[in-house]
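What follows is the content of coords12.txt (compact mmCIF, C-alpha atoms).
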# COMPACT_ATOMS: atom_id res chain seq x y z
CA MET A 7 0.31 16.07 -23.77
CA TRP A 8 1.03 16.55 -20.10
CA VAL A 9 -2.55 15.73 -19.08
CA PRO A 10 -2.49 11.87 -19.09
CA CYS A 11 0.71 11.59 -17.05
CA SER A 12 -0.29 14.38 -14.65
CA VAL A 13 -3.72 12.86 -14.06
CA ALA A 14 -2.10 9.47 -13.43
CA GLY A 15 0.22 11.08 -10.88
CA ILE A 16 -2.64 12.86 -9.08
CA LEU A 17 -4.73 9.67 -8.96
CA THR A 18 -1.70 7.83 -7.58
CA LEU A 19 -1.37 10.51 -4.90
CA TRP A 20 -4.98 9.98 -3.81
CA LEU A 21 -4.64 6.20 -3.89
CA GLY A 22 -1.76 6.58 -1.44
CA LYS A 23 -3.94 8.69 0.85
CA LEU A 24 -6.71 6.08 0.73
CA GLU A 25 -4.22 3.33 1.57
CA ARG A 26 -2.93 5.24 4.60
CA ALA A 27 -6.48 5.93 5.76
CA GLU A 28 -7.33 2.23 5.42
CA LEU A 29 -4.25 1.23 7.42
CA ARG A 30 -5.06 3.69 10.22
CA TRP A 31 -8.63 2.38 10.43
CA LEU A 32 -7.47 -1.24 10.57
CA VAL A 33 -4.90 -0.46 13.27
CA ARG A 34 -7.62 1.19 15.36
CA PHE A 35 -9.92 -1.77 14.71
CA PHE A 36 -7.37 -4.38 15.81
CA ALA A 37 -6.05 -2.20 18.66
CA THR A 38 -9.41 -2.09 20.43
CA GLN A 39 -11.34 -4.88 22.12
CA HIS A 40 -14.98 -5.12 22.99
CA SER A 41 -15.56 -5.07 26.75
CA VAL A 42 -17.99 -7.51 28.39
CA LEU A 43 -19.44 -4.48 30.14
CA GLY A 44 -20.03 -2.73 26.84
CA GLY A 45 -17.95 -0.28 24.88
CA GLU A 46 -14.39 -0.66 23.67
CA VAL A 47 -11.05 -0.77 25.47
CA PRO A 48 -7.57 -0.30 23.97
CA SER A 49 -5.56 -3.45 23.26
CA ALA A 50 -2.35 -3.89 25.21
CA ASP A 51 -0.39 -5.19 22.21
CA LEU A 52 -0.24 -2.36 19.68
CA ALA A 53 2.57 -4.05 17.70
CA GLN A 54 0.41 -7.12 17.11
CA ALA A 55 -2.46 -4.89 15.98
CA GLN A 56 -0.18 -3.18 13.47
CA HIS A 57 1.11 -6.55 12.23
CA ARG A 58 -2.42 -7.88 11.70
CA ALA A 59 -3.39 -4.68 9.90
CA MET A 60 -0.41 -5.03 7.55
CA LEU A 61 -1.36 -8.64 6.77
CA VAL A 62 -4.93 -7.62 5.94
CA THR A 63 -3.85 -4.75 3.71
CA PHE A 64 -1.28 -6.79 1.75
CA PRO A 65 -3.72 -7.80 -1.05
CA SER A 66 -5.12 -4.29 -1.30
CA THR A 67 -1.57 -2.87 -1.35
CA PHE A 68 -0.66 -5.08 -4.31
CA LEU A 69 -3.90 -4.11 -6.07
CA LYS A 70 -3.19 -0.43 -5.41
CA TYR A 71 0.31 -0.71 -6.86
CA LEU A 72 -1.02 -2.58 -9.89
CA ILE A 73 -3.56 0.20 -10.46
CA GLU A 74 -0.85 2.85 -10.11
CA VAL A 75 1.42 1.17 -12.66
CA SER A 76 -1.52 0.58 -15.00
CA LEU A 77 -2.46 4.26 -14.80
CA PHE A 78 0.98 5.28 -16.05
CA VAL A 79 0.95 2.60 -18.77
CA VAL A 80 -2.40 3.97 -19.95
CA ALA A 81 -0.91 7.47 -19.82
CA LEU A 82 2.00 6.28 -21.99
CA ALA A 83 -0.35 4.81 -24.60
CA ALA A 84 -2.57 7.90 -24.55
CA THR A 85 0.46 10.19 -24.93
CA LYS A 86 1.51 8.26 -28.02
CA ASP A 87 -1.94 8.80 -29.57
CA LEU A 88 -1.73 12.52 -28.72
CA VAL A 89 1.67 12.71 -30.42
CA CYS A 90 0.14 11.07 -33.51
CA MET A 91 -2.65 13.66 -33.54
CA ILE A 92 -0.15 16.53 -33.39
CA LEU A 93 2.05 15.07 -36.13
CA ASN A 94 -1.01 14.60 -38.31
CA GLU A 95 -1.93 18.25 -37.67
CA GLN A 96 -5.00 17.32 -35.65
CA ARG A 97 -6.17 18.92 -32.45
CA PRO A 98 -4.91 16.76 -29.54
CA ASP A 99 -7.86 15.45 -27.56
CA VAL A 100 -7.36 13.34 -24.44
CA ILE A 101 -10.77 11.62 -24.46
CA PRO A 102 -10.42 10.00 -27.92
CA ALA A 103 -6.84 9.07 -27.04
CA LEU A 104 -8.02 7.27 -23.90
CA ARG A 105 -10.78 5.53 -25.85
CA ARG A 106 -8.19 4.12 -28.23
CA VAL A 107 -6.38 2.58 -25.27
CA LEU A 108 -9.43 0.61 -24.10
CA PRO A 109 -9.13 -2.17 -26.75
CA ARG A 110 -5.54 -2.67 -25.54
CA SER A 111 -6.51 -3.19 -21.90
CA ARG A 112 -5.06 -6.72 -21.90
CA GLU A 113 -1.69 -5.46 -23.18
CA VAL A 114 -1.76 -2.67 -20.59
CA LEU A 115 -2.34 -5.18 -17.79
CA LEU A 116 0.38 -7.52 -19.05
CA LEU A 117 2.95 -4.73 -19.28
CA SER A 118 2.02 -3.55 -15.78
CA LEU A 119 2.45 -7.07 -14.38
CA LYS A 120 5.81 -7.42 -16.16
CA TYR A 121 6.99 -4.16 -14.62
CA ILE A 122 5.95 -5.27 -11.13
CA ALA A 123 7.54 -8.70 -11.60
CA VAL A 124 10.88 -7.31 -12.79
CA LEU A 125 10.90 -4.71 -10.01
CA ALA A 126 10.12 -7.43 -7.45
CA VAL A 127 13.07 -9.50 -8.71
CA PHE A 128 15.43 -6.54 -8.38
CA GLY A 129 14.05 -5.76 -4.92
CA GLY A 130 14.50 -9.38 -3.84
CA VAL A 131 18.09 -9.44 -5.08
CA LEU A 132 18.91 -6.25 -3.18
CA ILE A 133 17.34 -7.65 0.00
CA VAL A 134 19.32 -10.89 -0.30
CA ILE A 135 22.55 -8.96 -0.86
CA GLY A 136 21.81 -6.68 2.08
CA ASP A 137 21.05 -9.59 4.44
CA SER A 138 23.96 -11.72 3.27
CA PRO A 139 26.72 -12.31 5.86
CA LEU A 140 29.21 -11.79 3.03
CA THR A 141 28.15 -8.14 2.79
CA SER A 142 30.57 -6.06 4.84
CA ASP A 143 29.59 -3.38 7.33
CA ARG A 144 31.23 -0.83 5.06
CA ILE A 145 28.74 -1.68 2.32
CA HIS A 146 25.87 -1.26 4.79
CA GLU A 147 27.22 2.16 5.76
CA LEU A 148 27.51 3.19 2.13
CA ALA A 149 23.94 2.02 1.51
CA LEU A 150 22.76 4.74 3.89
CA SER A 151 24.31 7.41 1.65
CA ARG A 152 21.75 9.38 -0.34
CA ALA A 153 24.15 9.73 -3.27
CA LEU A 154 24.62 5.96 -3.48
CA LEU A 155 20.86 5.44 -3.25
CA TYR A 156 20.39 7.79 -6.21
CA VAL A 157 23.05 5.94 -8.22
CA CYS A 158 21.44 2.58 -7.42
CA ALA A 159 18.02 3.95 -8.37
CA LEU A 160 19.37 5.06 -11.75
CA LEU A 161 21.05 1.68 -12.32
CA VAL A 162 17.81 -0.14 -11.52
CA GLN A 163 15.95 2.24 -13.84
CA ALA A 164 18.42 1.48 -16.63
CA CYS A 165 17.93 -2.27 -16.18
CA LEU A 166 14.14 -1.91 -16.06
CA ALA A 167 14.12 0.20 -19.21
CA TRP A 168 16.41 -2.20 -21.09
CA LEU A 169 14.28 -5.22 -20.16
CA LEU A 170 10.82 -3.68 -20.60
CA LEU A 171 11.38 -1.33 -23.54
CA PRO A 172 10.51 -3.93 -26.21
CA ALA A 173 7.21 -4.75 -24.47
CA ALA A 174 6.41 -1.05 -24.02
CA LEU A 175 7.02 -0.29 -27.69
CA ARG A 176 4.91 -3.29 -28.76
CA LEU A 177 2.05 -1.71 -26.84
CA LEU A 178 2.53 1.54 -28.76
CA GLN A 179 3.02 0.01 -32.21
CA PRO A 180 0.63 -1.77 -34.59
CA PRO A 181 0.83 -5.58 -34.77
CA GLY A 182 3.53 -6.88 -37.09
CA THR A 183 5.94 -4.02 -36.45
CA PRO A 184 9.60 -5.16 -36.51
CA ALA A 185 11.30 -5.54 -33.15
CA ILE A 186 13.26 -2.60 -31.81
CA THR A 187 16.91 -2.45 -32.80
CA ASN A 188 19.74 -2.42 -30.26
CA ALA A 189 20.41 1.22 -31.14
CA GLY A 190 16.78 2.11 -30.42
CA ARG A 191 16.90 0.12 -27.21
CA ARG A 192 19.98 1.99 -26.05
CA LEU A 193 18.36 5.31 -26.96
CA GLY A 194 15.18 4.48 -25.07
CA THR A 195 17.17 3.36 -22.04
CA ALA A 196 19.14 6.62 -22.12
CA PHE A 197 15.85 8.57 -22.21
CA ALA A 198 14.56 6.62 -19.20
CA VAL A 199 17.72 7.15 -17.12
CA ALA A 200 17.87 10.85 -18.01
CA SER A 201 14.21 11.38 -17.04
CA SER A 202 14.76 9.52 -13.75
CA ALA A 203 17.80 11.66 -12.94
CA PHE A 204 15.82 14.83 -13.73
CA ALA A 205 12.92 13.58 -11.59
CA LEU A 206 15.23 12.89 -8.62
CA LEU A 207 16.69 16.38 -8.96
CA LEU A 208 13.22 17.93 -9.11
CA GLU A 209 12.10 15.88 -6.11
CA TYR A 210 15.07 17.15 -4.10
CA VAL A 211 14.51 20.78 -5.10
CA VAL A 212 10.74 20.61 -4.53
CA GLY A 213 11.28 18.96 -1.14
CA LYS A 214 13.66 21.74 -0.08
CA ALA A 215 11.23 24.41 -1.25
CA GLU A 216 8.28 22.74 0.49
CA SER A 217 10.15 22.50 3.78
CA ALA A 218 10.58 26.28 3.74
CA LEU A 219 6.83 26.89 3.41
CA THR A 220 4.51 27.59 6.30
CA ILE A 221 1.24 25.68 5.87
CA ASP A 222 -1.64 26.77 8.09
CA LYS A 223 -4.64 25.01 6.55
CA PRO A 224 -5.20 21.40 5.42
CA TRP A 225 -6.42 22.44 1.96
CA GLU A 226 -3.16 24.30 1.38
CA SER A 227 -1.26 21.07 1.99
CA GLU A 228 -3.49 19.25 -0.51
CA VAL A 229 -2.98 21.90 -3.19
CA ILE A 230 0.79 21.90 -2.70
CA ALA A 231 0.86 18.09 -2.91
CA VAL A 232 -0.99 18.18 -6.25
CA MET A 233 1.28 20.91 -7.62
CA ASN A 234 4.39 19.00 -6.53
CA THR A 235 3.07 15.86 -8.19
CA VAL A 236 2.57 17.67 -11.50
CA ILE A 237 6.05 19.23 -11.31
CA ILE A 238 7.84 16.00 -10.39
CA ASN A 239 6.02 14.12 -13.17
CA ALA A 240 7.23 16.59 -15.82
CA PRO A 241 10.26 14.40 -16.76
CA GLN A 242 7.90 11.45 -17.12
CA VAL A 243 5.87 13.43 -19.66
CA LEU A 244 9.02 14.12 -21.70
CA LEU A 245 9.97 10.43 -21.48
CA PHE A 246 6.54 9.35 -22.75
CA ILE A 247 6.82 11.76 -25.68
CA ALA A 248 10.30 10.45 -26.51
CA LEU A 249 9.09 6.83 -26.36
CA ALA A 250 6.11 7.72 -28.53
CA LEU A 251 8.41 9.18 -31.20
CA LEU A 252 10.69 6.15 -30.91
CA ALA A 253 7.72 3.83 -31.42
CA LEU A 254 6.47 5.84 -34.40
CA GLN A 255 9.87 5.72 -36.08
CA GLY A 256 9.85 1.94 -36.01
CA SER A 257 6.26 1.41 -37.12
CA GLY A 258 4.09 1.92 -40.14
CA GLU A 259 3.15 5.33 -38.77
CA LYS A 260 6.68 6.53 -39.50
CA ASP A 261 5.47 8.66 -42.40
CA ALA A 262 3.68 10.95 -39.98
CA ILE A 263 7.02 11.88 -38.45
CA ALA A 264 8.78 12.34 -41.76
CA GLU A 265 6.11 14.72 -42.97
CA ALA A 266 6.09 16.73 -39.75
CA PRO A 267 8.13 19.97 -39.85
CA GLY A 268 11.45 19.84 -38.01
CA ILE A 269 11.48 16.04 -37.63
CA ALA A 270 13.80 14.01 -39.80

Since I need it in another form, could you write the structure as structure tokens?
Amino acid sequence: MWVPCSVAGILTLWLGKLERAELRWLVRFFATQHSVLGGEVPSADLAQAQHRAMLVTFPSTFLKYLIEVSLFVVALAATKDLVCMILNEQRPDVIPALRRVLPRSREVLLLSLKYIAVLAVFGGVLIVIGDSPLTSDRIHELALSRALLYVCALLVQACLAWLLLPAALRLLQPPGTPAITNAGRRLGTAFAVASSAFALLLEYVVGKAESALTIDKPWESEVIAVMNTVIINAPQVLLFIALALLALQGSGEKDAIAEAPGIA
């Protein structure tokens, strides 16, 4: 069940590399001018070249982020189907699970856009608060604290989970399933916050371990990046499994859980 989420993380890693390569190419393109004598000469205004490159890449950056979010939404839906296979004592197979997600492409896209919209609202609020003259210098100093950043990240994650959990479960459940209860919503939010806290801890530990390594070849760096992605995404896998079970408990597929050994 770790395959969909891990593959989504690895694809996201490579999308980030493609974005950085695109930005470097555009900066070089705008930072050079064609000489009347032939050839190219460097531009004197590198800052303007970087600004123009950022403007050009803005649409592709949004598209990249939409693809990244959609990949994880697809991974969530596929994980739920894999959980169903296991509970029904079937061999879990990723390919059929992904095929079952295809008819729900519209729901996947809508949930991805909702996630981006809610995250953009939170980001905008934080920017407004940070730029407000009413915000004291002490608050700005505290904002530079890593511990406070982690706490804020968990608070934002809790709000995102609380707002988006009903839509996420609707994606995982058959049509006509009753809406999630407040108790289920609180449980799902707790799962999301716990997985985020675990992911932040893993990211810190992995970062410390990676800084102690001596990397001599480029391919070694690529392999380590993939391994780190799989490790850091482990809490996300557990979260997807928990959400899948939560969705199954509230749907017509509930019987599969009741009949499974060790699940009440």

A:Leu166, A:Ala231, A:Leu154, A:Ile73: which is nearest A:Gly213, counting all atoms listed in the file?
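Once distances to A:Gly213 are computed over all atoms listed in the file, the minimum belongs to A:Ala231.
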
Pick the closest to A:Leu245 from A:Leu108, A:Val33, A:Cys11, A:Leu169: which is it, counting all atoms listed in the file?
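Using all atoms listed in the file, A:Leu245 sits closest to A:Cys11.
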
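Of the listed residues A:Ala126, A:Leu208, A:Lys23, A:Met91, the one whose atoms come nearest to A:Val236 is A:Leu208, with distances taken using only C-alpha atoms.
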
Under the rule that all atoms listed in the file are counted, which of A:Ala240, A:Met233, A:Val62, A:Leu77 is the nearest residue to A:Thr18?
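Counting all atoms listed in the file, the residue closest to A:Thr18 is A:Leu77.
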
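Separating atom CA of A:Leu155 from atom CA of A:Ala27 is a distance of 28.8 Å.
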
Find the residues near A:Pro109: any atom within 12 Å, counting all atoms listed in the file, skip ones fewer than 6 places away on the same chain, and give them as a PyMOL selection string.
chain A and resi 80+83+103+115+177

Using all atoms of stretch 168-187 of chain A that appear in the file, construct an axis-aligned enclosing box with 8 Å of padding on every side and provide its centre coordinates and edge lengths in Å, rounded to one decimal, as AutoDock Vina command-line options.
--center_x 8.8 --center_y -2.7 --center_z -28.6 --size_x 32.3 --size_y 24.4 --size_z 32.9

Kindly give the distance, in Å, that separates atom CA of A:Ile122 and atom CA of A:Asn188, rounded to a single decimal.
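Atom CA of A:Ile122 sits 23.8 Å away from atom CA of A:Asn188.
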
The distance between atom CA of A:Trp8 and atom CA of A:Val232 is 14.1 Å

Excluding A:Glu113 and its own-chain neighbours fewer than 2 positions away, which residues fall within 12 Å of it when counting only C-alpha atoms? Please give them as a short mmCIF file (atom, residue, chain, number, x, y, z; two decimals) with C-alpha atoms, in the coordinates of the input.
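See around01.cif below for the written result:
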data_model
loop_
_atom_site.label_atom_id
_atom_site.label_comp_id
_atom_site.auth_asym_id
_atom_site.auth_seq_id
_atom_site.Cartn_x
_atom_site.Cartn_y
_atom_site.Cartn_z
CA SER A 76 -1.52 0.58 -15.00
CA VAL A 79 0.95 2.60 -18.77
CA VAL A 80 -2.40 3.97 -19.95
CA ALA A 83 -0.35 4.81 -24.60
CA VAL A 107 -6.38 2.58 -25.27
CA LEU A 108 -9.43 0.61 -24.10
CA PRO A 109 -9.13 -2.17 -26.75
CA ARG A 110 -5.54 -2.67 -25.54
CA SER A 111 -6.51 -3.19 -21.90
CA LEU A 115 -2.34 -5.18 -17.79
CA LEU A 116 0.38 -7.52 -19.05
CA LEU A 117 2.95 -4.73 -19.28
CA SER A 118 2.02 -3.55 -15.78
CA LEU A 119 2.45 -7.07 -14.38
CA LYS A 120 5.81 -7.42 -16.16
CA ALA A 173 7.21 -4.75 -24.47
CA ALA A 174 6.41 -1.05 -24.02
CA LEU A 175 7.02 -0.29 -27.69
CA ARG A 176 4.91 -3.29 -28.76
CA LEU A 177 2.05 -1.71 -26.84
CA LEU A 178 2.53 1.54 -28.76
CA GLN A 179 3.02 0.01 -32.21
CA PRO A 181 0.83 -5.58 -34.77
#

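Proximity of A:Glu95, A:Glu25, A:Asp87, A:Glu209 to A:Thr235, computed with only C-alpha atoms, is greatest for A:Glu209.
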
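Using only C-alpha atoms, the smallest distance between any of A:Lys223, A:Val127, A:Lys70, A:Ala37 and A:Leu19 comes from A:Lys70.
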
Can you pull out the residues contacting A:Gly190? Cut-off 12 Å, using only C-alpha atoms, and skip same-chain residues under 4 positions away; I want them as a ChimeraX atom specification.
/A:167-168,171-172,175,184-186,194-197,248-249,251-256

Shell around A:Ala153 at 12 Å using only C-alpha atoms, local window under 4 positions removed, as a ChimeraX atom specification:
/A:148-149,157-160,203,206-207,210

Would you write out those residues with C-alpha atoms, as a tab-separated table (two decimals), keeping the file's coordinate frame?
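Result file follows (again18.tsv):
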chain	number	residue	atom	x	y	z
A	148	LEU	CA	27.51	3.19	2.13
A	149	ALA	CA	23.94	2.02	1.51
A	157	VAL	CA	23.05	5.94	-8.22
A	158	CYS	CA	21.44	2.58	-7.42
A	159	ALA	CA	18.02	3.95	-8.37
A	160	LEU	CA	19.37	5.06	-11.75
A	203	ALA	CA	17.80	11.66	-12.94
A	206	LEU	CA	15.23	12.89	-8.62
A	207	LEU	CA	16.69	16.38	-8.96
A	210	TYR	CA	15.07	17.15	-4.10
